[in-house]
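*Asks:* One structure coming up, written as structure tokens, with questions to follow.
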Amino acid sequence: MDFSNKVLRSIPNSIFDLYKPVSRWESFYLRTRWRLCPFELIESCIPLKGRILDFGCGYGMLSNFLAERSSERSVVGIDMNSTRMEVASRSVFNRKNIHFHLGDVGSLNVSSFGAAVMTDVLHHIRDDQVEILLRKIHRCLGDDGLLAILDVDRKPFWKFCITYSIDSLLNPKDRLWYRPLGRLEEILKSSGFQTGKIIRADRGLPLADVLLLCRKS
Ligand SMILES: C[S@@+](CC[C@H](N)C(=O)[O-])C[C@H]1O[C@@H](n2cnc3c(N)ncnc32)[C@H](O)[C@@H]1O
């Protein structure tokens, strides 16, 4: 396994400092999440300009990273967890190219985003709600809009078991709905998306992460 520095790179100070002061739990969560989630890979797939939606943004680390990497991005992070949104909102200071809103699918207005990201969100959403959410995101995207989804495949099974254990530790109160990759592709198709690249995003770690890059079809 490749446990190189690149894989387990710690959160950049420029991002972590935005959250200070943080509680012990927040510090543990932010540091662990950064090491486990391929935020750098995801960021590299997102256009450098335009409005970007980070749906289910949690503490907003990816939103902050996207906004930091290009001032020509205007990033909107939305999450229904008020505690996380409070922490995320505190990280904004006086920057103009990032905004956080407390809300869920109902608070998505039809507006033109160039791209949307959802990292480890879909498996927190019930089957009957997933398609409703994806259709809404479809309407929020401009004609050639990109949707980048990071989620958990059920294969290989041993990697899935490890990912599930970590997810349950970091999100102890949440019910989780994991779907096989093929099922996720079906749902995306019926919601109007065409799946382009599918990237195994585990970076050599024992995780079952996949990154799907989709366009409006
Ligand atoms: C595992 S966390 C991932 C957070 C963030 N995307 C990240 O990568 O660190 C999943 C997030 O999705 C949010 N979420 C789940 N269902 C949601 C919904 N219907 N509307 C808004 N946020 C939702 C949760 O509140 C939680 O913060």
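To be explicit about the labels: the chains of the structure tokens are called A, B, and onward in the order shown, and within each one the residues are counted from 1, while ligands get numbers from 1 in the order they are shown.
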Just the residues within 6 Å of Ser74 (chain A), please, counting only C-alpha atoms, with nothing from its chain fewer than 4 positions along; format it as a list in words.

*Replies:*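 Answer for this query is Gly50, Arg51, Asn97 and Ile98 of chain A.
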
*Asks:* When DSSP is applied to the backbone of this structure, which of region 1-215 of chain A are assigned strand (DSSP E or B)? Write them out as a ChimeraX atom specification.

*Replies:* /A:50-55,73-79,98-102,113-119,141-152,193-200,209-215

*Asks:* Residues at most 10 Å from ligand 1, using only C-alpha atoms and all ligand atoms? Could they come as a ChimeraX atom specification?

*Replies:* /A:29-30,32-34,36-39,54-63,77-85,101-108,117-126,129-130,133,149-151,167-168,170-171,174-176

*Asks:* Now that the selection is made, can you save its residues with C-alpha atoms as a PDB file, in the first residue's frame?

*Replies:*
ATOM      1  CA  TYR A  29     -12.401  15.576  12.734  1.00  0.00           C
ATOM      2  CA  LEU A  30     -10.816  18.201  10.457  1.00  0.00           C
ATOM      3  CA  THR A  32      -8.655  13.033  10.072  1.00  0.00           C
ATOM      4  CA  ARG A  33     -11.113  13.988   7.356  1.00  0.00           C
ATOM      5  CA  TRP A  34      -8.422  15.835   5.392  1.00  0.00           C
ATOM      6  CA  LEU A  36      -8.786  10.384   4.438  1.00  0.00           C
ATOM      7  CA  CYS A  37     -10.622  12.364   1.758  1.00  0.00           C
ATOM      8  CA  PRO A  38      -8.950  13.065  -1.599  1.00  0.00           C
ATOM      9  CA  PHE A  39      -9.764  16.783  -1.536  1.00  0.00           C
ATOM     10  CA  ASP A  54     -20.589  22.177  -2.450  1.00  0.00           C
ATOM     11  CA  PHE A  55     -23.737  20.354  -1.343  1.00  0.00           C
ATOM     12  CA  GLY A  56     -23.546  18.670   2.087  1.00  0.00           C
ATOM     13  CA  CYS A  57     -20.335  20.608   2.679  1.00  0.00           C
ATOM     14  CA  GLY A  58     -20.062  19.693   6.385  1.00  0.00           C
ATOM     15  CA  TYR A  59     -17.423  21.913   8.002  1.00  0.00           C
ATOM     16  CA  GLY A  60     -16.668  23.317   4.554  1.00  0.00           C
ATOM     17  CA  MET A  61     -13.064  22.207   4.179  1.00  0.00           C
ATOM     18  CA  LEU A  62     -13.427  21.436   0.485  1.00  0.00           C
ATOM     19  CA  SER A  63     -15.361  24.690  -0.076  1.00  0.00           C
ATOM     20  CA  GLY A  77     -21.497  25.519   0.656  1.00  0.00           C
ATOM     21  CA  ILE A  78     -24.833  24.152   1.887  1.00  0.00           C
ATOM     22  CA  ASP A  79     -25.420  21.741   4.753  1.00  0.00           C
ATOM     23  CA  MET A  80     -28.385  20.911   6.971  1.00  0.00           C
ATOM     24  CA  ASN A  81     -26.258  20.401  10.099  1.00  0.00           C
ATOM     25  CA  SER A  82     -26.453  23.650  12.059  1.00  0.00           C
ATOM     26  CA  THR A  83     -23.370  22.943  14.212  1.00  0.00           C
ATOM     27  CA  ARG A  84     -21.216  22.292  11.163  1.00  0.00           C
ATOM     28  CA  MET A  85     -22.623  25.348   9.380  1.00  0.00           C
ATOM     29  CA  HIS A 101     -25.917  28.426   4.008  1.00  0.00           C
ATOM     30  CA  LEU A 102     -27.788  26.216   6.415  1.00  0.00           C
ATOM     31  CA  GLY A 103     -30.252  24.179   4.371  1.00  0.00           C
ATOM     32  CA  ASP A 104     -31.108  21.033   2.491  1.00  0.00           C
ATOM     33  CA  VAL A 105     -32.399  20.171  -0.954  1.00  0.00           C
ATOM     34  CA  GLY A 106     -35.390  22.506  -0.468  1.00  0.00           C
ATOM     35  CA  SER A 107     -33.109  25.507  -0.182  1.00  0.00           C
ATOM     36  CA  LEU A 108     -31.474  24.957  -3.565  1.00  0.00           C
ATOM     37  CA  VAL A 117     -19.493  18.670  -5.710  1.00  0.00           C
ATOM     38  CA  MET A 118     -20.831  16.199  -3.194  1.00  0.00           C
ATOM     39  CA  THR A 119     -18.233  14.444  -1.109  1.00  0.00           C
ATOM     40  CA  ASP A 120     -19.476  11.545   0.976  1.00  0.00           C
ATOM     41  CA  VAL A 121     -23.017  12.903   0.996  1.00  0.00           C
ATOM     42  CA  LEU A 122     -25.123  10.536  -1.104  1.00  0.00           C
ATOM     43  CA  HIS A 123     -24.763   7.601   1.285  1.00  0.00           C
ATOM     44  CA  HIS A 124     -26.267   9.840   3.980  1.00  0.00           C
ATOM     45  CA  ILE A 125     -29.431  10.220   1.908  1.00  0.00           C
ATOM     46  CA  ARG A 126     -32.337   7.759   1.719  1.00  0.00           C
ATOM     47  CA  GLN A 129     -34.631  11.236  -1.645  1.00  0.00           C
ATOM     48  CA  VAL A 130     -31.495  10.706  -3.744  1.00  0.00           C
ATOM     49  CA  LEU A 133     -31.751  15.764  -4.847  1.00  0.00           C
ATOM     50  CA  ILE A 149     -19.430  12.905  -6.620  1.00  0.00           C
ATOM     51  CA  LEU A 150     -17.194  11.183  -4.135  1.00  0.00           C
ATOM     52  CA  ASP A 151     -18.861   8.175  -2.590  1.00  0.00           C
ATOM     53  CA  ASP A 167     -17.654   6.616   8.615  1.00  0.00           C
ATOM     54  CA  SER A 168     -19.543   5.322  11.645  1.00  0.00           C
ATOM     55  CA  LEU A 170     -16.800  10.136  12.369  1.00  0.00           C
ATOM     56  CA  ASN A 171     -20.585  10.366  11.958  1.00  0.00           C
ATOM     57  CA  ASP A 174     -26.100   9.140  11.090  1.00  0.00           C
ATOM     58  CA  ARG A 175     -27.888   6.291   9.311  1.00  0.00           C
ATOM     59  CA  LEU A 176     -26.011   5.322   6.179  1.00  0.00           C
TER      60      LEU A 176
END

*Asks:* What's the separation between CA of Phe160 (chain A) and CA of Lys173 (chain A), in Å to one decimal place?

*Replies:*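 Going from CA of Phe160 (chain A) over to CA of Lys173 (chain A), I get 19.2 Å.
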
*Asks:* In terms of the shortest atom-to-atom distance over only C-alpha atoms, which of A:Ile11, A:Ile199, A:Ile187, A:Leu181 is closest to Phe28 (chain A)?

*Replies:*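 Using only C-alpha atoms, Phe28 (chain A) sits closest to A:Ile11.
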
*Asks:* Among region 56-208 of chain A, which ones does DSSP assign to alpha helix (DSSP H) (computed from the backbone)? Answer as a ChimeraX atom specification.

*Replies:* /A:61-69,82-90,127-140,157-170,181-190

*Asks:* Write out as a list of chain:residue names each polymer residue whose atoms come within 8 Å of Tyr178 (chain A), counting only C-alpha atoms; drop sequence neighbours fewer than 3 positions from it.

*Replies:*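 What passes the distance filter is A:His123, A:Val152, A:Asp153, A:Arg154.
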
*Asks:* One decimal, in Å: what's the spacing between CA of Ile162 (chain A) and CA of Leu207 (chain A)?

*Replies:*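 Taking CA of Ile162 (chain A) and CA of Leu207 (chain A), their separation equals 6.5 Å.
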
*Asks:* Would you please work out which residue, of A:Lys20, A:Arg73, A:Arg31, A:Arg200, is nearest to Ile46 (chain A) when using only C-alpha atoms?

*Replies:*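 Closest residue, counting only C-alpha atoms: A:Arg73.
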